[in-house]
file model.txt (compact mmCIF, C-alpha atoms)
# COMPACT_ATOMS: atom_id res chain seq x y z
CA MET A 1 42.46 -15.96 39.85
CA ALA A 2 45.47 -13.91 40.74
CA GLU A 3 45.48 -12.46 44.14
CA MET A 4 47.40 -9.61 45.52
CA ASP A 5 48.93 -9.46 48.88
CA THR A 6 47.40 -6.47 50.51
CA SER A 7 48.54 -7.00 54.03
CA SER A 8 50.88 -4.25 55.06
CA GLY A 9 54.38 -5.60 55.06
CA GLY A 10 55.75 -3.72 58.06
CA GLY A 11 55.01 -4.84 61.55
CA HIS A 12 53.55 -1.48 62.41
CA LYS A 13 51.53 -1.90 65.56
CA LYS A 14 48.67 0.35 66.37
CA GLY A 15 47.82 1.50 69.79
CA PRO A 16 45.05 -0.18 71.80
CA GLY A 17 42.53 2.57 71.03
CA VAL A 18 43.01 2.45 67.28
CA LYS A 19 40.79 0.03 65.39
CA LYS A 20 42.46 -2.40 63.08
CA GLY A 21 41.64 -1.75 59.37
CA LYS A 22 39.57 -4.66 58.18
CA LYS A 23 41.29 -6.64 55.45
CA LEU A 24 39.15 -6.50 52.30
CA SER A 25 39.11 -9.41 49.94
CA THR A 26 40.31 -8.65 46.42
CA ARG A 27 38.34 -11.44 44.81
CA VAL A 28 36.06 -9.96 42.18
CA ASP A 29 32.52 -11.13 41.98
CA LEU A 30 32.28 -12.83 38.59
CA THR A 31 28.51 -13.29 38.46
CA PRO A 32 27.75 -10.17 36.38
CA MET A 33 30.51 -11.06 33.96
CA VAL A 34 29.16 -14.57 33.48
CA ASP A 35 25.68 -13.11 33.05
CA LEU A 36 26.92 -10.77 30.40
CA GLY A 37 28.80 -13.57 28.68
CA PHE A 38 25.75 -15.77 28.46
CA LEU A 39 23.57 -12.87 27.42
CA LEU A 40 25.82 -12.10 24.48
CA LEU A 41 26.09 -15.78 23.72
CA THR A 42 22.33 -16.26 23.52
CA PHE A 43 22.06 -13.08 21.49
CA PHE A 44 24.52 -14.31 18.89
CA VAL A 45 23.05 -17.78 18.76
CA PHE A 46 19.60 -16.39 18.08
CA THR A 47 20.49 -13.71 15.59
CA THR A 48 22.61 -15.99 13.44
CA THR A 49 19.85 -18.49 12.88
CA MET A 50 17.17 -15.86 12.36
CA SER A 51 18.74 -13.74 9.67
CA GLN A 52 19.01 -16.62 7.23
CA SER A 53 17.20 -15.58 4.09
CA THR A 54 15.07 -18.20 2.45
CA ALA A 55 14.07 -18.88 -1.10
CA MET A 56 10.50 -19.31 -2.19
CA ASN A 57 9.73 -21.23 -5.35
CA MET A 58 7.85 -19.58 -8.17
CA ASN A 59 6.28 -21.61 -10.92
CA GLU A 60 5.00 -19.68 -13.86
CA PRO A 61 2.62 -21.19 -16.37
CA LYS A 62 3.45 -21.28 -20.04
CA ASP A 63 1.49 -18.76 -22.05
CA GLU A 64 -0.62 -20.93 -24.26
CA LYS A 65 -3.67 -19.23 -25.61
CA ASP A 66 -5.39 -22.37 -26.82
CA LYS A 67 -4.93 -24.18 -23.54
CA GLU A 68 -7.01 -21.96 -21.36
CA MET A 69 -8.18 -23.56 -18.23
CA LYS A 70 -11.85 -23.82 -17.54
CA VAL A 71 -12.79 -23.04 -14.01
CA LYS A 72 -16.08 -23.88 -12.39
CA ASN A 73 -17.92 -20.82 -11.16
CA SER A 74 -18.88 -22.53 -7.92
CA GLY A 75 -15.28 -23.27 -7.04
CA ALA A 76 -13.62 -20.03 -8.06
CA MET A 77 -12.59 -17.24 -5.77
CA THR A 78 -10.92 -14.21 -7.24
CA ILE A 79 -8.61 -12.26 -4.99
CA LEU A 80 -7.63 -8.79 -6.12
CA LEU A 81 -4.79 -6.81 -4.62
CA GLY A 82 -5.15 -3.06 -4.53
CA LYS A 83 -3.12 -0.17 -3.26
CA ALA A 84 -2.35 0.42 0.43
CA ASN A 85 -2.42 -3.33 1.18
CA GLN A 86 -6.10 -3.59 0.43
CA VAL A 87 -7.57 -6.90 -0.69
CA TYR A 88 -10.77 -7.35 -2.68
CA TYR A 89 -12.48 -10.58 -3.56
CA TYR A 90 -15.47 -12.13 -5.20
CA TYR A 91 -16.76 -15.63 -5.78
CA GLY A 92 -17.49 -17.11 -9.18
CA GLN A 93 -17.94 -14.72 -12.03
CA LEU A 94 -18.85 -11.05 -11.86
CA ASP A 95 -22.46 -10.54 -12.81
CA PRO A 96 -23.26 -6.95 -13.89
CA ASN A 97 -26.53 -7.02 -11.93
CA THR A 98 -25.08 -8.10 -8.62
CA VAL A 99 -21.63 -6.58 -8.76
CA SER A 100 -22.13 -4.43 -5.68
CA GLU A 101 -22.99 -7.49 -3.59
CA GLN A 102 -20.32 -9.71 -5.05
CA PHE A 103 -17.37 -7.40 -4.92
CA LYS A 104 -16.15 -7.17 -1.36
CA SER A 105 -13.15 -5.63 0.28
CA THR A 106 -11.07 -7.10 3.06
CA THR A 107 -7.56 -7.02 4.47
CA PHE A 108 -4.59 -9.35 4.57
CA LYS A 109 -5.45 -10.17 8.15
CA ASP A 110 -8.88 -11.52 7.31
CA ILE A 111 -8.16 -13.11 3.97
CA ARG A 112 -6.76 -16.27 5.55
CA LYS A 113 -10.11 -17.06 7.14
CA LEU A 114 -11.92 -16.46 3.85
CA ILE A 115 -9.50 -18.66 1.93
CA LEU A 116 -9.93 -21.43 4.45
CA GLU A 117 -13.71 -21.13 4.39
CA LYS A 118 -13.67 -21.41 0.64
CA LYS A 119 -11.30 -24.34 0.72
CA ASN A 120 -13.38 -26.25 3.24
CA GLY A 121 -16.66 -25.51 1.49
CA THR A 122 -15.60 -26.61 -1.98
CA PRO A 123 -14.73 -30.01 -3.44
CA ILE A 124 -10.99 -29.98 -3.99
CA ASP A 125 -11.24 -30.65 -7.74
CA ASP A 126 -13.34 -27.53 -8.31
CA LEU A 127 -11.29 -25.26 -6.10
CA MET A 128 -9.49 -22.43 -7.83
CA PHE A 129 -8.08 -19.22 -6.49
CA ILE A 130 -7.47 -16.55 -9.06
CA ILE A 131 -5.03 -13.90 -7.94
CA LYS A 132 -4.92 -10.58 -9.69
CA SER A 133 -2.57 -7.80 -8.74
CA ASP A 134 -3.38 -4.19 -9.42
CA LYS A 135 -0.73 -1.85 -10.79
CA ASN A 136 -0.68 -0.04 -7.46
CA SER A 137 -0.12 -3.14 -5.37
CA THR A 138 3.36 -3.95 -4.17
CA PHE A 139 5.75 -6.83 -4.56
CA LYS A 140 5.16 -7.65 -0.91
CA ASN A 141 1.42 -8.03 -1.53
CA ALA A 142 2.04 -10.45 -4.37
CA ILE A 143 4.39 -12.56 -2.26
CA ASP A 144 2.15 -12.39 0.78
CA ILE A 145 -0.86 -13.73 -1.06
CA LEU A 146 1.17 -16.60 -2.52
CA ASP A 147 2.38 -17.27 0.99
CA GLU A 148 -1.22 -17.31 2.20
CA MET A 149 -1.89 -20.05 -0.34
CA THR A 150 0.93 -22.08 1.14
CA ILE A 151 -0.18 -21.36 4.68
CA SER A 152 -3.69 -22.58 3.89
CA ALA A 153 -2.15 -25.60 2.15
CA ILE A 154 -3.83 -24.96 -1.19
CA PRO A 155 -2.32 -27.56 -3.52
CA PRO A 156 -0.27 -26.20 -6.42
CA GLY A 157 -2.36 -25.91 -9.54
CA HIS A 158 -5.33 -24.67 -7.57
CA TYR A 159 -4.24 -21.08 -7.58
CA ALA A 160 -2.96 -18.90 -10.37
CA GLU A 161 -1.87 -15.38 -11.04
CA VAL A 162 -3.86 -13.77 -13.80
CA ASP A 163 -3.90 -10.31 -15.34
CA MET A 164 -6.60 -7.95 -14.23
CA THR A 165 -9.47 -6.98 -16.48
CA PRO A 166 -10.43 -3.31 -17.03
CA VAL A 167 -13.76 -3.91 -15.28
CA GLU A 168 -12.02 -5.11 -12.16
CA GLU A 169 -9.60 -2.23 -12.27
CA MET A 170 -12.52 0.14 -12.42
CA LEU A 171 -14.28 -1.60 -9.54
CA ILE A 172 -11.17 -1.34 -7.40
CA GLN A 173 -10.85 2.31 -8.19
CA GLN A 174 -14.46 2.94 -7.30
CA THR A 175 -14.16 1.10 -4.02
CA GLU A 176 -10.95 2.91 -3.22
CA THR A 177 -12.55 6.32 -3.73
CA ALA A 178 -15.58 5.25 -1.74
CA ASN A 179 -13.43 4.03 1.14
CA GLY A 180 -11.11 6.99 0.93
CA ILE A 181 -7.93 4.96 0.29
CA LYS A 182 -5.11 6.94 -1.15
CA MET B 7 32.55 -19.44 38.84
CA THR B 8 35.79 -18.89 37.00
CA ALA B 9 35.29 -22.04 34.98
CA MET B 10 31.77 -21.03 34.05
CA CYS B 11 32.95 -17.63 32.98
CA ASP B 12 35.62 -19.23 30.84
CA VAL B 13 33.15 -21.53 29.14
CA ALA B 14 30.74 -18.69 28.46
CA PHE B 15 33.34 -16.53 26.81
CA LEU B 16 34.86 -19.42 24.92
CA LEU B 17 31.48 -20.23 23.39
CA LEU B 18 30.84 -16.56 22.77
CA SER B 19 34.07 -16.05 20.90
CA PHE B 20 33.51 -19.29 19.00
CA PHE B 21 30.11 -18.14 17.78
CA ILE B 22 31.33 -14.69 16.86
CA LEU B 23 34.18 -16.11 14.84
CA ALA B 24 32.23 -18.99 13.33
CA THR B 25 29.35 -16.89 12.01
CA LYS B 26 29.79 -15.92 8.46
CA GLN B 27 29.78 -12.20 8.18
CA LYS B 28 27.09 -10.96 5.85
CA PRO B 29 28.71 -9.35 2.84
CA PRO B 30 28.02 -5.63 2.81
CA GLU B 31 25.04 -5.04 0.60
CA VAL B 32 25.35 -2.43 -2.05
CA LEU B 33 21.66 -2.28 -2.52
CA ALA B 34 19.56 -2.06 0.58
CA VAL B 35 16.49 -4.18 0.05
CA LYS B 36 13.91 -5.19 2.60
CA THR B 37 12.48 -8.46 1.39
CA PRO B 38 8.99 -9.67 2.20
CA SER B 39 8.61 -12.69 4.45
CA SER B 40 7.38 -16.16 3.63
CA VAL B 41 6.98 -19.45 5.44
CA SER B 42 9.43 -21.13 3.10
CA SER B 43 12.18 -22.85 5.01
CA LYS B 44 14.66 -23.52 2.25
CA ALA B 45 17.82 -21.49 2.52
CA ALA B 46 18.77 -19.25 -0.36
CA PRO B 47 21.93 -20.44 -2.13
CA ASP B 48 25.10 -18.39 -1.90
CA LYS B 49 26.04 -18.79 -5.52
CA SER B 50 23.29 -17.31 -7.63
CA ILE B 51 22.21 -15.18 -10.50
CA LEU B 52 20.43 -12.55 -8.53
CA ILE B 53 18.04 -9.96 -9.82
CA THR B 54 17.49 -7.21 -7.31
CA LEU B 55 14.49 -4.92 -7.43
CA THR B 56 14.93 -1.88 -5.27
CA LYS B 57 12.33 0.22 -3.55
CA GLU B 58 12.64 2.89 -6.23
CA GLY B 59 11.91 0.30 -8.89
CA LYS B 60 15.41 -0.09 -10.28
CA VAL B 61 16.58 -3.48 -11.45
CA PHE B 62 20.11 -4.73 -10.86
CA LEU B 63 21.71 -7.94 -11.95
CA MET B 64 24.38 -9.78 -10.02
CA LEU B 65 26.14 -12.67 -11.66
CA GLY B 66 27.29 -14.65 -8.67
CA ASP B 67 28.70 -17.68 -10.48
CA ASP B 68 32.27 -16.60 -11.11
CA THR B 69 32.98 -19.50 -13.43
CA LYS B 70 30.33 -18.33 -15.88
CA LYS B 71 30.30 -14.60 -15.33
CA ALA B 72 32.85 -13.80 -18.01
CA ALA B 73 31.13 -16.01 -20.56
CA ILE B 74 27.76 -14.37 -19.90
CA ILE B 75 29.18 -10.89 -20.34
CA ASP B 76 30.97 -11.89 -23.54
CA ASP B 77 27.75 -13.38 -24.82
CA VAL B 78 25.78 -10.19 -24.15
CA ASN B 79 28.46 -8.16 -25.85
CA LYS B 80 28.20 -10.39 -28.89
CA THR B 81 24.42 -10.81 -29.14
CA ARG B 82 23.62 -7.17 -28.49
CA ASN B 83 26.56 -5.96 -30.56
CA LEU B 84 27.71 -3.64 -27.80
CA GLN B 85 31.24 -3.30 -29.21
CA LEU B 86 32.89 -3.03 -25.85
CA THR B 87 36.67 -2.93 -25.93
CA PRO B 88 38.60 -5.73 -24.16
CA ASP B 89 39.47 -3.22 -21.46
CA GLU B 90 35.84 -2.30 -20.89
CA LEU B 91 34.84 -5.96 -20.87
CA ALA B 92 37.44 -6.70 -18.23
CA ARG B 93 36.10 -3.89 -16.12
CA LEU B 94 32.52 -5.09 -16.50
CA LYS B 95 33.55 -8.60 -15.48
CA LYS B 96 35.02 -7.20 -12.31
CA ALA B 97 31.90 -5.21 -11.46
CA GLU B 98 29.85 -6.67 -8.64
CA TYR B 99 26.53 -5.74 -10.20
CA ILE B 100 25.12 -4.47 -13.44
CA GLY B 101 22.70 -1.61 -13.20
CA VAL B 102 22.81 0.45 -16.36
CA PRO B 103 21.08 0.20 -19.75
CA PHE B 104 23.14 -1.07 -22.68
CA ASN B 105 23.57 2.38 -24.22
CA MET B 106 25.08 3.67 -20.98
CA LEU B 107 27.49 0.79 -20.41
CA LYS B 108 30.37 2.49 -22.21
CA SER B 109 30.16 5.74 -20.29
CA TYR B 110 29.62 3.85 -17.04
CA LEU B 111 32.68 1.71 -17.59
CA GLY B 112 34.69 4.72 -18.71
CA ALA B 113 33.95 6.70 -15.56
CA SER B 114 37.10 7.48 -13.61
CA SER B 115 35.53 7.09 -10.18
CA GLU B 116 33.03 4.50 -9.11
CA ILE B 117 29.44 5.64 -9.38
CA PRO B 118 27.40 4.78 -6.27
CA ALA B 119 24.68 2.20 -6.86
CA THR B 120 21.94 4.51 -5.67
CA THR B 121 22.51 6.93 -8.52
CA LEU B 122 22.54 4.28 -11.25
CA PRO B 123 19.41 4.05 -13.40
CA GLY B 124 19.10 0.24 -13.26
CA ILE B 125 18.44 -2.14 -16.13
CA PRO B 126 15.34 -1.09 -18.08
CA VAL B 127 12.57 -3.68 -17.80
CA ASP B 128 9.57 -1.89 -19.27
CA THR B 129 7.50 -3.78 -21.80
CA ALA B 130 8.82 -1.85 -24.79
CA ASN B 131 12.47 -2.19 -23.87
CA ASN B 132 13.03 -5.09 -21.53
CA GLN B 133 16.80 -5.43 -21.52
CA LEU B 134 16.69 -7.95 -18.71
CA THR B 135 15.41 -10.39 -21.34
CA ASP B 136 18.71 -10.00 -23.20
CA TRP B 137 20.72 -10.59 -20.07
CA ILE B 138 18.74 -13.69 -19.19
CA ARG B 139 19.02 -14.95 -22.76
CA SER B 140 22.78 -14.79 -22.44
CA VAL B 141 22.57 -16.59 -19.14
CA THR B 142 20.55 -19.41 -20.72
CA ASN B 143 22.95 -19.49 -23.69
CA VAL B 144 25.91 -19.96 -21.42
CA TYR B 145 24.20 -22.58 -19.27
CA ALA B 146 22.73 -24.37 -22.29
CA GLY B 147 24.75 -27.56 -21.87
CA GLU B 148 24.50 -27.64 -18.12
CA ASP B 149 22.04 -29.12 -15.71
CA GLN B 150 18.96 -26.95 -16.09
CA ARG B 151 17.68 -27.76 -12.65
CA LYS B 152 20.83 -26.37 -11.22
CA LEU B 153 20.29 -23.17 -13.16
CA GLN B 154 16.72 -22.91 -11.92
CA GLU B 155 17.92 -23.14 -8.39
CA MET B 156 20.37 -20.35 -9.02
CA LEU B 157 17.93 -17.89 -10.49
CA LEU B 158 16.85 -15.65 -7.69
CA VAL B 159 14.71 -12.57 -7.56
CA LYS B 160 15.13 -10.35 -4.56
CA GLY B 161 12.70 -7.52 -4.33
CA ASP B 162 11.93 -4.77 -1.89
CA GLY B 163 8.48 -5.21 -0.39
CA GLU B 164 7.52 -1.70 -1.36
CA ALA B 165 8.41 -2.04 -5.03
CA LEU B 166 5.37 -1.87 -7.25
CA TYR B 167 3.94 -5.07 -8.70
CA PRO B 168 4.17 -4.18 -12.43
CA LEU B 169 7.96 -4.15 -12.17
CA PHE B 170 7.93 -7.64 -10.76
CA LYS B 171 5.65 -8.65 -13.59
CA ASN B 172 8.19 -7.28 -16.06
CA ILE B 173 10.90 -9.37 -14.46
CA LYS B 174 8.67 -12.40 -14.71
CA SER B 175 8.04 -11.73 -18.38
CA ALA B 176 11.80 -11.48 -18.95
CA PHE B 177 12.09 -15.02 -17.58
CA LYS B 178 9.11 -16.22 -19.54
CA ALA B 179 10.48 -14.79 -22.78
CA ASN B 180 13.43 -17.12 -22.30
CA GLU B 181 11.29 -20.16 -21.54
CA ILE B 182 12.17 -20.10 -17.89
CA PHE B 183 9.14 -20.87 -15.82
CA LYS B 184 10.74 -21.70 -12.54
CA PHE B 185 12.77 -19.39 -10.42
CA ARG B 186 12.97 -18.49 -6.77
CA ILE B 187 12.26 -15.47 -4.67
CA VAL B 188 14.43 -14.41 -1.79
CA THR B 189 12.37 -13.87 1.32
CA GLU B 190 12.87 -13.43 4.99
CA GLY B 191 12.12 -16.60 6.89
CA GLU B 192 8.94 -16.62 8.92
CA SER B 193 7.43 -19.20 11.21
CA VAL B 194 4.28 -20.95 10.14
CA PRO B 195 1.25 -19.40 11.89
CA ILE B 196 -0.05 -21.65 14.64
CA GLY B 197 -3.35 -23.28 13.81
CA SER B 198 -3.10 -22.79 10.06
CA GLU B 199 -3.56 -25.63 7.60
CA LEU B 200 0.15 -25.77 6.91
CA TYR B 201 0.85 -25.92 10.63
CA LYS B 202 -1.50 -28.86 11.02
CA THR B 203 0.01 -30.88 8.22
CA GLY B 204 3.45 -29.91 9.46
CA LYS B 205 4.73 -29.84 5.93
CA SER B 206 7.21 -27.26 4.86
CA LYS B 207 6.90 -25.47 1.57
CA GLU B 208 8.06 -27.89 -1.06
CA ASN B 209 6.05 -27.14 -4.17

call {"tool": "encode", "arguments": {"input": "model.txt", "output": "structure tokens"}}
result
Amino acid sequence: MAEMDTSSGGGHKKGPGVKKGKKLSTRVDLTPMVDLGFLLLTFFVFTTTMSQSTAMNMNEPKDEKDKEMKVKNSGAMTILLGKANQVYYYYGQLDPNTVSEQFKSTTFKDIRKLILEKKNGTPIDDLMFIIKSDKNSTFKNAIDILDEMTISAIPPGHYAEVDMTPVEEMLIQQTETANGIK
Amino acid sequence: MTAMCDVAFLLLSFFILATKQKPPEVLAVKTPSSVSSKAAPDKSILITLTKEGKVFLMLGDDTKKAAIIDDVNKTRNLQLTPDELARLKKAEYIGVPFNMLKSYLGASSEIPATTLPGIPVDTANNQLTDWIRSVTNVYAGEDQRKLQEMLLVKGDGEALYPLFKNIKSAFKANEIFKFRIVTEGESVPIGSELYKTGKSKEN
């Protein structure tokens, strides 16, 4: 680094009682600058790799009325998405007599455990997750639940998005009013 | 110390210059996250769904953009003048219904994206179907897998689900069953099934 000559040029001598001014070094301490440099460097390295947006595949089934899939009641779990990130679910088919026991509400945080329980407790050939999104649910909910399927490694073809029935819509509405979800 | 400082700043300036600057987004959209690790392609036919529920279309493939717009003009009988067509081809995004295209293109000053009504996608009048039909018409002789990889839907997490369903039905109406959704990358949760198998999303 460049240095400056700070010694006084003239041969001005001070008297014996006067203390000599200590010569101060002009070298700048570079440590903070290096620190800052590396800090910024790490910041840029991290942010550039993180902000990469990814693409998730979506496979839609063909609408074929005559080719409806039969699902075993024992292997089916229906997941319903409601408003305010609420999740509802039931196993098998809704039975009018036991609806109140079958129809349960949960959250996105707990659904992973339930999905896994169902997956582990069912022969893989019978397993089927039926996903139904309410008109008040959001795009994020729909993507999140598909992501949950991937996270729990549910093989493709063992989950499907289906339209909601009026009965289910009503049940969601009832539960929402009961739980005070707006 | 001086050498270290030099190296640090050299690397720093390299990274700053080497990073591709994100193009300024006209439509602010906060996408949901997924564990998918595949990067979204740069060149795409992008359908954006905003928080307010408006649908915009961006034709990112410059080689086909003009042909798609010409095709829409022909199939929907829009009767746009060559001047209006040229202006539409230059537009970065399309966010107005067909009946408003003429007045939109005739406007003297550029209308900000936030005030545009978006492409109607409701069940009775799903104009996105027409746009996608033209896209499939133009890409008819091309590699269909390539087209599938280019079809992207980018939605705001807070947009309501029925709108997304309408977009899906616009694809379905054109016999497109595979498309992709733009998401924010997310790490696989530790201890989950996917984490154990160590397999990235490939389905």

call {"tool": "closest_residue", "arguments": {"input": "model.txt", "among": "B:Leu18, B:Leu158, B:Ala97, B:Met10", "to": "Ala45 (chain B)", "atoms": "only C-alpha atoms"}}
result
B:Leu158

call {"tool": "residues_around", "arguments": {"input": "model.txt", "residues": "region 186-201 of chain B", "least_positions_apart": "2", "cutoff": "8 Å", "atoms": "only C-alpha atoms", "output": "ChimeraX atom specification"}}
result
/A:50-58,150-153 /B:37-43,46,154-161,184,203-206

call {"tool": "residues_around", "arguments": {"input": "model.txt", "residues": "region 128-136 of chain A", "least_positions_apart": "4", "cutoff": "10 Å", "atoms": "only C-alpha atoms", "output": "PyMOL selection string"}}
result
(chain A and resi 71-85+87-92+115+118-119+122+124+141-142+145-146+149+154-155+157-165+168-169+172-173) or (chain B and resi 165-169+171)

call {"tool": "closest_residue", "arguments": {"input": "model.txt", "among": "A:Phe46, A:Pro61, A:Gln93, A:Thr175", "to": "chain B", "atoms": "all atoms listed in the file"}}
result
A:Pro61

call {"tool": "closest_residue", "arguments": {"input": "model.txt", "among": "A:Thr177, A:Asp144, A:Lys109, A:Glu60", "to": "Ala179 (chain B)", "atoms": "all atoms listed in the file"}}
result
A:Glu60

call {"tool": "closest_residue", "arguments": {"input": "model.txt", "among": "A:Leu41, A:Val28, A:Met170, A:Leu127", "to": "chain B", "atoms": "all atoms listed in the file"}}
result
A:Leu41

call {"tool": "residues_around", "arguments": {"input": "model.txt", "residues": "Phe104 (chain B)", "least_positions_apart": "3", "cutoff": "12 Å", "atoms": "only C-alpha atoms", "output": "PyMOL selection string"}}
result
chain B and resi 75+78-79+81-86+94+100-101+107-111+123-127+131-134+136-137

call {"tool": "atom_distance", "arguments": {"input": "model.txt", "atom1": "CA of Lys44 (chain B)", "atom2": "CA of Ala119 (chain B)"}}
result
29.1 Å

call {"tool": "closest_residue", "arguments": {"input": "model.txt", "among": "B:Phe20, B:Tyr145, B:Phe62, B:Tyr99", "to": "chain A", "atoms": "all atoms listed in the file"}}
result
B:Phe20

call {"tool": "atom_distance", "arguments": {"input": "model.txt", "atom1": "CA of Phe183 (chain B)", "atom2": "CA of Lys80 (chain B)"}}
result
25.4 Å

call {"tool": "closest_residue", "arguments": {"input": "model.txt", "among": "B:Gly112, B:Pro88, B:Gly147, B:Gly59", "to": "chain A", "atoms": "all atoms listed in the file"}}
result
B:Gly59

call {"tool": "atom_distance", "arguments": {"input": "model.txt", "atom1": "CA of Met7 (chain B)", "atom2": "CA of Leu40 (chain A)"}}
result
17.5 Å

call {"tool": "residues_around", "arguments": {"input": "model.txt", "residues": "region 11-14 of chain B", "least_positions_apart": "4", "cutoff": "12 Å", "atoms": "all atoms listed in the file", "output": "ChimeraX atom specification"}}
result
/A:1,29-42 /B:7,18-21

call {"tool": "write_last_selection", "arguments": {"input": "model.txt", "atoms": "C-alpha atoms", "output": "mmCIF file, in the coordinates of the input"}}
result
data_model
loop_
_atom_site.group_PDB
_atom_site.id
_atom_site.type_symbol
_atom_site.label_atom_id
_atom_site.label_comp_id
_atom_site.auth_asym_id
_atom_site.auth_seq_id
_atom_site.Cartn_x
_atom_site.Cartn_y
_atom_site.Cartn_z
ATOM 1 C CA MET A 1 42.460 -15.960 39.850
ATOM 2 C CA ASP A 29 32.520 -11.130 41.980
ATOM 3 C CA LEU A 30 32.280 -12.830 38.590
ATOM 4 C CA THR A 31 28.510 -13.290 38.460
ATOM 5 C CA PRO A 32 27.750 -10.170 36.380
ATOM 6 C CA MET A 33 30.510 -11.060 33.960
ATOM 7 C CA VAL A 34 29.160 -14.570 33.480
ATOM 8 C CA ASP A 35 25.680 -13.110 33.050
ATOM 9 C CA LEU A 36 26.920 -10.770 30.400
ATOM 10 C CA GLY A 37 28.800 -13.570 28.680
ATOM 11 C CA PHE A 38 25.750 -15.770 28.460
ATOM 12 C CA LEU A 39 23.570 -12.870 27.420
ATOM 13 C CA LEU A 40 25.820 -12.100 24.480
ATOM 14 C CA LEU A 41 26.090 -15.780 23.720
ATOM 15 C CA THR A 42 22.330 -16.260 23.520
ATOM 16 C CA MET B 7 32.550 -19.440 38.840
ATOM 17 C CA LEU B 18 30.840 -16.560 22.770
ATOM 18 C CA SER B 19 34.070 -16.050 20.900
ATOM 19 C CA PHE B 20 33.510 -19.290 19.000
ATOM 20 C CA PHE B 21 30.110 -18.140 17.780
#

call {"tool": "decode", "arguments": {"input": "model.txt", "residues": "region 35-58 of chain B", "atoms": "C-alpha atoms", "output": "PDB file, in the first residue's frame"}}
result
ATOM      1  CA  VAL B  35     -46.775 -12.350  -7.568  1.00  0.00           C
ATOM      2  CA  LYS B  36     -45.775 -14.275  -4.490  1.00  0.00           C
ATOM      3  CA  THR B  37     -45.647 -17.895  -5.530  1.00  0.00           C
ATOM      4  CA  PRO B  38     -46.213 -20.790  -3.159  1.00  0.00           C
ATOM      5  CA  SER B  39     -43.286 -23.051  -2.355  1.00  0.00           C
ATOM      6  CA  SER B  40     -42.691 -26.645  -3.308  1.00  0.00           C
ATOM      7  CA  VAL B  41     -39.930 -29.196  -2.890  1.00  0.00           C
ATOM      8  CA  SER B  42     -39.469 -29.442  -6.633  1.00  0.00           C
ATOM      9  CA  SER B  43     -35.875 -28.872  -7.600  1.00  0.00           C
ATOM     10  CA  LYS B  44     -36.211 -28.360 -11.321  1.00  0.00           C
ATOM     11  CA  ALA B  45     -35.489 -24.849 -12.454  1.00  0.00           C
ATOM     12  CA  ALA B  46     -38.171 -22.964 -14.325  1.00  0.00           C
ATOM     13  CA  PRO B  47     -37.202 -22.307 -17.952  1.00  0.00           C
ATOM     14  CA  ASP B  48     -36.511 -18.780 -19.102  1.00  0.00           C
ATOM     15  CA  LYS B  49     -38.355 -19.105 -22.369  1.00  0.00           C
ATOM     16  CA  SER B  50     -41.957 -19.894 -21.620  1.00  0.00           C
ATOM     17  CA  ILE B  51     -45.596 -19.310 -22.237  1.00  0.00           C
ATOM     18  CA  LEU B  52     -46.464 -17.975 -18.860  1.00  0.00           C
ATOM     19  CA  ILE B  53     -49.896 -17.545 -17.390  1.00  0.00           C
ATOM     20  CA  THR B  54     -49.840 -15.304 -14.366  1.00  0.00           C
ATOM     21  CA  LEU B  55     -52.603 -15.293 -11.803  1.00  0.00           C
ATOM     22  CA  THR B  56     -52.441 -12.290  -9.547  1.00  0.00           C
ATOM     23  CA  LYS B  57     -53.632 -11.905  -6.000  1.00  0.00           C
ATOM     24  CA  GLU B  58     -56.714 -10.026  -7.186  1.00  0.00           C
TER      25      GLU B  58
END
